[in-house]
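**Q** What follows is input-v7.txt; its format and atoms are compact mmCIF, C-alpha atoms.
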# COMPACT_ATOMS: atom_id res chain seq x y z
CA MET A 246 5.61 -25.65 38.69
CA GLN A 247 6.42 -27.40 41.92
CA LYS A 248 4.04 -29.62 43.81
CA PHE A 249 4.77 -30.57 47.39
CA ASP A 250 3.95 -33.70 49.29
CA VAL A 251 4.16 -33.15 53.03
CA THR A 252 4.94 -36.81 53.64
CA SER A 253 8.13 -36.56 51.60
CA PRO A 254 11.46 -35.68 53.24
CA ALA A 255 12.44 -33.81 50.04
CA PHE A 256 10.34 -30.95 51.39
CA ALA A 257 13.32 -28.70 52.03
CA LEU A 258 14.17 -28.21 48.35
CA SER A 259 14.14 -24.51 47.55
CA PRO A 260 13.30 -22.77 44.28
CA ALA A 261 16.19 -21.44 42.25
CA SER A 262 15.36 -17.90 43.34
CA HIS A 263 16.57 -18.72 46.88
CA SER A 264 20.29 -18.35 46.31
CA ASP A 265 23.06 -18.83 48.81
CA PRO A 266 23.56 -15.47 50.53
CA SER A 267 27.30 -16.05 50.50
CA THR A 268 27.33 -15.52 46.74
CA GLY A 269 25.80 -12.06 47.09
CA SER A 270 23.08 -12.79 44.48
CA GLY A 271 20.71 -14.16 47.12
CA GLN A 272 20.53 -10.90 49.05
CA ARG A 273 17.32 -8.98 48.46
CA PRO A 274 16.85 -5.45 49.76
CA GLY A 275 13.50 -4.39 51.10
CA PRO A 276 10.75 -6.53 52.62
CA ALA A 277 11.40 -10.19 53.42
CA PRO A 278 10.01 -12.67 50.87
CA ARG A 279 6.62 -14.14 51.65
CA LEU A 280 4.57 -17.22 51.01
CA ILE A 281 1.31 -15.76 49.68
CA VAL A 282 -1.46 -18.29 50.30
CA LEU A 283 -4.63 -17.78 48.25
CA PHE A 284 -7.46 -18.85 50.53
CA PRO A 285 -10.92 -19.28 48.94
CA ALA A 286 -13.76 -17.84 51.00
CA SER A 287 -15.65 -21.13 50.70
CA GLU A 288 -12.73 -23.20 52.00
CA SER A 289 -12.96 -24.66 55.49
CA ILE A 290 -10.08 -24.64 57.96
CA SER A 291 -7.98 -27.79 57.63
CA PRO A 292 -5.32 -28.70 60.23
CA GLU A 293 -3.39 -30.73 57.65
CA LEU A 294 -3.19 -27.88 55.15
CA GLU A 295 -2.36 -25.34 57.86
CA HIS A 296 0.49 -27.57 58.98
CA ARG A 297 1.58 -27.89 55.38
CA ILE A 298 1.67 -24.12 54.91
CA TRP A 299 3.72 -23.82 58.10
CA GLU A 300 6.18 -26.46 56.89
CA ILE A 301 6.66 -24.75 53.51
CA ALA A 302 7.20 -21.36 55.15
CA ARG A 303 9.62 -22.72 57.76
CA SER A 304 11.54 -24.79 55.20
CA LEU A 305 12.04 -21.84 52.84
CA GLN A 306 12.35 -19.22 55.62
CA LEU A 307 9.36 -17.23 54.42
CA ASN A 308 6.76 -15.14 56.18
CA VAL A 309 3.14 -16.03 55.44
CA LEU A 310 0.45 -13.77 53.97
CA LEU A 311 -3.05 -15.27 53.84
CA LEU A 312 -4.91 -13.56 50.99
CA SER A 313 -8.60 -13.91 50.18
CA VAL A 314 -11.10 -12.08 47.97
CA THR A 315 -14.84 -11.58 48.38
CA ASN A 316 -17.65 -9.30 47.23
CA ASP A 317 -19.93 -10.20 50.13
CA PHE A 318 -19.64 -7.86 53.12
CA ASP A 319 -21.51 -10.33 55.36
CA GLU A 320 -19.14 -13.08 54.30
CA GLU A 321 -16.14 -10.86 54.98
CA ALA A 322 -16.61 -10.99 58.76
CA ARG A 323 -16.69 -14.80 58.78
CA LEU A 324 -13.76 -14.94 56.38
CA ARG A 325 -11.71 -12.58 58.55
CA ARG A 326 -12.29 -14.82 61.57
CA LYS A 327 -11.12 -17.87 59.56
CA LEU A 328 -7.95 -16.11 58.46
CA ILE A 329 -7.18 -14.81 61.96
CA THR A 330 -7.53 -18.34 63.32
CA MET A 331 -5.34 -19.79 60.56
CA ALA A 332 -2.71 -17.09 60.99
CA ALA A 333 -2.52 -17.73 64.72
CA ILE A 334 -2.14 -21.48 64.19
CA ILE A 335 0.58 -21.13 61.54
CA LYS A 336 2.58 -18.44 63.38
CA ASP A 337 5.63 -19.40 65.42
CA PRO A 338 8.85 -17.61 66.49
CA ASN A 339 10.38 -18.24 63.05
CA VAL A 340 7.30 -17.69 60.87
CA SER A 341 5.36 -14.43 61.03
CA THR A 342 1.86 -14.26 59.57
CA ASP A 343 -0.47 -11.60 58.21
CA ILE A 344 -3.90 -11.57 56.58
CA LEU A 345 -5.38 -9.54 53.73
CA ILE A 346 -8.94 -9.50 52.38
CA GLU A 347 -9.61 -7.66 49.11
CA HIS A 348 -12.98 -6.87 47.58
CA GLY A 349 -13.57 -8.42 44.16
CA THR A 350 -13.22 -11.76 42.43
CA ASP A 351 -10.06 -11.31 40.37
CA TRP A 352 -7.33 -13.35 42.06
CA VAL A 353 -4.71 -12.54 39.45
CA LYS A 354 -5.26 -8.79 39.77
CA GLN A 355 -4.95 -8.90 43.56
CA VAL A 356 -1.83 -11.07 43.47
CA ARG A 357 -0.21 -8.76 40.90
CA LYS A 358 -0.94 -5.79 43.16
CA ILE A 359 0.95 -7.19 46.16
CA TRP A 360 3.47 -9.62 44.65
CA GLN A 361 7.14 -8.68 45.02
CA LYS A 362 10.21 -10.36 43.64
CA GLY A 363 11.10 -13.32 45.82
CA ASP A 364 7.52 -13.98 46.91
CA ILE A 365 6.12 -17.47 46.39
CA VAL A 366 2.43 -18.09 45.71
CA ALA A 367 0.48 -21.09 47.00
CA CYS A 368 -3.04 -21.92 45.90
CA TYR A 369 -5.45 -24.69 46.77
CA ALA A 370 -5.93 -27.57 44.36
CA GLY A 371 -9.16 -27.22 42.40
CA GLN A 372 -9.31 -23.41 42.48
CA LYS A 373 -10.68 -22.27 39.11
CA VAL A 374 -11.16 -18.77 37.71
CA GLY A 375 -12.68 -16.97 34.73
CA LEU A 376 -15.50 -17.85 32.41
CA LEU A 377 -13.59 -20.88 31.14
CA ARG A 378 -12.95 -22.05 34.73
CA LYS A 379 -9.23 -22.48 34.19
CA PRO A 380 -7.11 -23.81 37.07
CA LEU A 381 -5.84 -20.85 39.08
CA ASP A 382 -2.31 -22.24 39.29
CA GLN A 383 -2.04 -22.33 35.48
CA VAL A 384 -3.35 -18.78 35.13
CA LEU A 385 -0.90 -17.52 37.74
CA LYS A 386 2.00 -19.36 36.15
CA SER A 387 1.33 -17.68 32.81
CA SER A 388 0.84 -14.25 34.42
CA LEU A 389 3.64 -14.07 37.00
CA GLU A 390 7.32 -14.91 37.03
CA ALA A 391 6.81 -16.67 40.33
CA THR A 392 7.05 -20.14 41.82
CA ILE A 393 3.55 -21.56 42.30
CA TYR A 394 2.86 -24.30 44.84
CA ILE A 395 -0.33 -26.36 44.83
CA LEU A 396 -1.79 -27.23 48.21
CA SER A 397 -3.41 -30.49 47.17
CA ASP A 398 -5.50 -32.69 49.44
CA TYR A 399 -3.86 -35.70 51.00
CA ARG A 400 -4.45 -38.24 53.74
CA PRO A 401 -1.40 -38.59 55.98
CA ILE A 402 -0.52 -41.80 57.80
CA LYS A 403 -1.50 -41.34 61.43
CA ASN A 404 -1.04 -42.89 64.84
CA PRO A 405 -4.84 -43.17 65.42
CA LYS A 406 -4.96 -42.99 69.20
CA ARG A 407 -2.39 -40.25 69.70
CA THR A 408 -3.59 -38.22 66.73
CA PHE A 409 -7.22 -38.46 67.80
CA LEU A 410 -6.49 -37.27 71.34
CA SER A 411 -4.22 -34.48 70.12
CA GLN A 412 -6.78 -33.32 67.56
CA PHE A 413 -9.60 -33.58 70.11
CA PHE A 414 -7.85 -31.43 72.71
CA PHE A 415 -6.57 -28.97 70.12
CA TRP A 416 -9.93 -28.36 68.47
CA SER A 417 -11.86 -28.43 71.75
CA GLY A 418 -9.56 -25.75 73.13
CA SER A 419 -9.60 -23.75 69.89
CA LEU A 420 -13.40 -23.78 69.69
CA ALA A 421 -13.64 -22.79 73.34
CA ILE A 422 -11.25 -19.87 72.77
CA VAL A 423 -13.04 -18.70 69.61
CA GLY A 424 -16.44 -19.13 71.25
CA GLY A 425 -15.38 -17.23 74.35
CA PHE A 426 -14.01 -14.31 72.41
CA PHE A 427 -17.05 -14.31 70.11
CA TRP A 428 -19.24 -13.93 73.19
CA VAL A 429 -17.07 -11.08 74.48
CA GLU A 430 -17.13 -9.33 71.10
CA ALA A 431 -20.92 -9.72 70.92
CA LYS A 432 -21.16 -7.93 74.26
CA LEU A 433 -18.78 -5.21 73.10
CA VAL A 434 -20.91 -4.56 70.00
CA GLN A 435 -23.76 -3.53 72.32
CA LEU A 436 -21.69 -0.72 73.87
CA PRO A 437 -21.98 2.91 72.67
CA GLN A 438 -20.31 3.41 69.30
CA ASP A 439 -17.33 5.66 70.05
CA TRP A 440 -13.54 5.54 69.84
CA ALA A 441 -13.30 3.50 73.06
CA HIS A 442 -15.66 0.91 71.57
CA SER A 443 -13.48 0.54 68.46
CA ALA A 444 -10.32 0.33 70.58
CA LEU A 445 -11.81 -2.44 72.73
CA ILE A 446 -12.78 -4.42 69.62
CA TYR A 447 -9.23 -4.21 68.22
CA VAL A 448 -7.69 -5.12 71.58
CA CYS A 449 -10.03 -8.10 71.87
CA VAL A 450 -9.06 -9.34 68.38
CA LEU A 451 -5.34 -8.98 69.16
CA VAL A 452 -5.70 -10.86 72.44
CA GLU A 453 -7.69 -13.59 70.67
CA PHE A 454 -4.93 -13.90 68.07
CA ALA A 455 -2.27 -14.19 70.79
CA VAL A 456 -4.20 -16.79 72.78
CA ILE A 457 -4.90 -18.96 69.72
CA SER A 458 -1.25 -18.67 68.66
CA PHE A 459 -0.07 -19.79 72.10
CA TRP A 460 -2.55 -22.66 72.20
CA SER A 461 -1.47 -23.81 68.72
CA SER A 462 2.22 -23.74 69.70
CA LEU A 463 1.54 -26.34 72.37
CA PHE A 464 0.60 -28.89 69.71
CA LYS A 465 3.44 -28.32 67.21
Re-express the file's structure as structure tokens.

**A**
Amino acid sequence: MQKFDVTSPAFALSPASHSDPSTGSGQRPGPAPRLIVLFPASESISPELEHRIWEIARSLQLNVLLLSVTNDFDEEARLRRKLITMAAIIKDPNVSTDILIEHGTDWVKQVRKIWQKGDIVACYAGQKVGLLRKPLDQVLKSSLEATIYILSDYRPIKNPKRTFLSQFFFWSGSLAIVGGFFWVEAKLVQLPQDWAHSALIYVCVLVEFAVISFWSSLFK
């Protein structure tokens, strides 16, 4: 198991499965390998961890899939908004992002269903599963032939003034964008339920994703 520390310059070390393409063994047909991030529904959005996910993906040249599971349909809407926001923040010209929400509580089953050779799995520190509340990273390690990264909490060294202003403007703008689109979507919900209504909702979500992605890129 590998455990990353964002503050370390050794971040660019790749797992053994990422071979040099010049040898021929590193070439993999089919879909590009992904960093599958297991996002708990109860987890809050964290700029540090989002930046960490982006650094891992960029360092290892992986696309990012944000995966979450839930049995609560009311929670699903809030969870989807979290994942859309995270995906937009992580995305850049070299890192594509996608989200997936599955119904249920079995993380291992859902990961098995989508995992492909070359994919890397990242889970949050402290995630526990099953009746015995075993650490999710240990369960995944014993169930998959995959590299597992642990996204553990940390407190980076900061330039207080610059970091505070950057964080203030970033989150103020992000909240304004999310709030504005939430208001627009609330108005759209009141329209007659037909195909045009559904199309407008999807267009609104795509525009929101693009705007948040652009806003995030200004602070990277």

**Q** Taking 5 positions as the minimum chain separation for residues in the same chain, which residues sit within 9 Å of Leu385 (chain A) when counting only C-alpha atoms? Answer as a ChimeraX atom specification.

**A** /A:352-353,356,366,380,390-391,393

**Q** For Lys336 (chain A), which residue out of A:Ala302, A:Val450, A:Ile359, A:Leu312 is the nearest one, using all atoms listed in the file?

**A**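 Going through A:Ala302, A:Val450, A:Ile359, A:Leu312 one by one, the smallest distance to Lys336 (chain A) is for A:Ala302.
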
**Q** What does the distance from CA of Ser291 (chain A) to CA of Cys449 (chain A) come to in Å, to one decimal?

**A** 24.4 Å

**Q** What does the structure give for the distance between CA of Leu451 (chain A) and CA of Ala333 (chain A), in Å to one decimal?

**A**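 A separation of 10.2 Å between them.
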
**Q** What is the distance, in Å and to one decimal place, between CA of Ile365 (chain A) and CA of Pro278 (chain A)?

**A**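 CA of Ile365 (chain A) sits 7.6 Å away from CA of Pro278 (chain A).
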
**Q** Region 280-291 of chain A, all listed atoms, 8 Å padding on each side: what axis-aligned box centre and edge lengths in Å to one decimal come out, as JSON?

**A**
{"center_x": -5.5, "center_y": -21.8, "center_z": 53.1, "size_x": 36.2, "size_y": 28.0, "size_z": 25.7}
